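Below is one structure, written out as C-alpha cells; the observations come after it.
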Amino acid sequence: MTDSSIQNATQGLSNHVREEIDGWLTRFPADQKQSAVLGALRAVQHEVGYLPVEQMDAVAEYLSMPAISVYEVASFYSMYELKPVGKYTISICTNLSCMLCGADEVVEHLTSKLGVNLGESTPDGKYYLKQEEECLAACCGAPMMQVDHVYHEKLTIEKIDKILDELDSK
Ligand code: FES
C-alpha cells in the first residue's frame with residue numbers, strides 16, 4: 001500500500017472512487033442505488049488494495065444502504081479482500097480440469113518458491129497467494145492461474161518461474 005492509499009483507508013471515499021460509483025449509478029434506477037455496490041467495492045479495492053471497514057461504511061452511506069449489507073457482499077465474493085494483502089494477487093484454480101492437469105504441482109511450486117501458504121502474503125508485501133479458486137472458466141488452458149485477474153494457462157514450472165521473474169523485475 002502507498003502512503004496515499006493508507007490515508008484513503010481511514011478516510012471517506014476519494015473523488016475518484018465517487019466518480020466511479022456515480023458512473024455505475026447511471027446504469028440503475030434512481031431508487032436502486034444499492035445495485036452499484038459491487039462496482040463501488042471494486043473501485044475502493046482497486047484504490048486502497050483491500051476493503052477497510054471505514055471505506056465499506058462510506059460506500060453504505062453513499063448508496064443509502066445498511067452497512068451490514070455491504071459487509072455481507074464484501075465477505076461473500078472471493079474477489080474482495082477484507083485485510084491488507086500483497087501487491088500481486090495470484091489465484092490458482094484447483095478445480096477438476098486443473099487438478100487433473102497438475103494444479104497440485106502448481107500449488108506446491110508456488111507455495112515453496114514464495115515461502116507462504118495459500119491465503120498468505122509474502123513478508124515483503126509483494127505477493128498474495130489466494131486460497132484455492134473454484135473453476136475460473138479456462139478449463140481448456142488447464143492448469144491455470146490468474147495474476148491480478150490476468151489469465152496464465154497451460155502452466156509449467158518454467159512458465160511460472162518466468163511470470164514471477166517478470167513481476168520481480170518490475
Ligand atoms: S477447472 Fe480450472 S479453469 Fe476450469
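Convention: chains lettered A, B, ... in C-alpha cells order; per-chain residue numbering from 1; ligands numbered from 1 as shown.
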Give me the residues of chain A that have any atom at most 6 Å from an atom of ligand 1; for each, the nearest atom pair and the distance in Å, rounded to one decimal. Use only C-alpha atoms and all ligand atoms, sort by chain and number, and format it as CSV.
residue,atom,partner,partner_atom_place_in_ligand_line,distance
A:Cys93,CA,ligand 1,2 (Fe),4.7
A:Thr94,CA,ligand 1,2 (Fe),5.9
A:Asn95,CA,ligand 1,1 (S),4.2
A:Leu96,CA,ligand 1,1 (S),4.9
A:Ser97,CA,ligand 1,1 (S),4.1
A:Cys98,CA,ligand 1,2 (Fe),4.3
A:Cys135,CA,ligand 1,4 (Fe),3.9
A:Leu136,CA,ligand 1,3 (S),4.2
A:Ala137,CA,ligand 1,3 (S),4.5
A:Ala138,CA,ligand 1,3 (S),3.9
A:Cys139,CA,ligand 1,4 (Fe),3.6
A:Ala142,CA,ligand 1,2 (Fe),5.7
Exercise. Quick one: residues within 8 Å of stretch 105-119 of chain A, only C-alpha atoms counted, chain neighbours fewer than 4 positions away excluded, as a ChimeraX atom specification?
Worked result: /A:92,127-132,143,155-157
With C-alpha atoms retained, could you export that selection as a compact mmCIF listing (two decimals), in the first residue's frame?
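So the final result, stored in selection.txt, reads:
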# COMPACT_ATOMS: atom_id res chain seq x y z
CA ILE A 92 -4.60 -20.85 -8.64
CA TYR A 127 2.74 -11.43 -3.49
CA TYR A 128 -0.58 -12.66 -2.19
CA LEU A 129 -1.36 -16.32 -2.79
CA LYS A 130 -5.12 -16.55 -2.56
CA GLN A 131 -6.99 -19.55 -1.28
CA GLU A 132 -7.60 -22.14 -4.00
CA PRO A 143 -3.63 -25.93 -15.31
CA LEU A 155 1.23 -23.70 -16.82
CA THR A 156 4.57 -25.42 -16.42
CA ILE A 157 7.14 -24.85 -13.69
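With atom CA of A:Met144 on one side and atom CA of A:Asp124 on the other, the separation reads 24.7 Å.
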For this session: Any chance you could list, as a PyMOL selection string, the residues in chain A that come up strand (DSSP E or B) when DSSP is run on the backbone?
Result: chain A and resi 88-93+120-121+127-129+133+145-147+150-152
Seminar exercise, completed: Nearest to A:Glu54, restricted to only C-alpha atoms and choosing among A:Tyr88, A:Ala30, A:Gly12, A:Ala36, comes out as A:Gly12
For this session: Pull the helix (DSSP H, G or I) assignments for chain A out of DSSP run on the backbone, and list those residues as JSON, numbers by chain.
Result: {"A": [3, 4, 5, 6, 7, 8, 9, 15, 16, 17, 18, 19, 20, 21, 22, 23, 24, 25, 33, 34, 35, 36, 37, 38, 39, 40, 41, 42, 43, 44, 45, 46, 47, 48, 53, 54, 55, 56, 57, 58, 59, 60, 61, 62, 67, 68, 69, 70, 71, 72, 73, 74, 75, 76, 96, 97, 98, 99, 100, 103, 104, 105, 106, 107, 108, 109, 110, 111, 112, 113, 114, 139, 140, 141, 157, 158, 159, 160, 161, 162, 163, 164, 165, 166, 167, 168]}
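If only C-alpha atoms are the atoms counted, then among A:Val59, A:Gln32, A:Glu134, A:Val53 the closest residue to A:Leu13 is A:Val59.
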Exercise. From the list A:Ser64, A:Met99, A:Gly49, A:Ala74, which residue is nearest A:Gly86 when using only C-alpha atoms?
Worked result: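 Closest to A:Gly86, using only C-alpha atoms: A:Gly49.
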Proximity check stretch 53-109 of chain A to stretch 37-43 of chain A, 8 Å, nearest pairs one decimal Å, only C-alpha atoms, as CSV:
residue,atom,partner,partner_atom,distance
A:Met56,CA,A:Leu41,CA,7.4
A:Val59,CA,A:Ala40,CA,6.8
A:Leu63,CA,A:Val37,CA,7.5
A:Val70,CA,A:Val37,CA,7.2
A:Val73,CA,A:Leu38,CA,7.6
A:Ala74,CA,A:Leu41,CA,7.4
A:Tyr80,CA,A:Arg42,CA,7.6
For this session: Go through A:Gln45, A:Ser169, A:Thr89, A:Ser69 and flag the residue nearest A:Asp148, using only C-alpha atoms for the distances.
Result: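 Of A:Gln45, A:Ser169, A:Thr89, A:Ser69, the one nearest A:Asp148, counting only C-alpha atoms, is A:Thr89.
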For this session: Using only C-alpha atoms, find the one residue out of A:Val85, A:Ala67, A:Met79, A:Ala60 that sits nearest to A:Val48.
Result: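 With only C-alpha atoms as the atom set, the closest residue is A:Val85.
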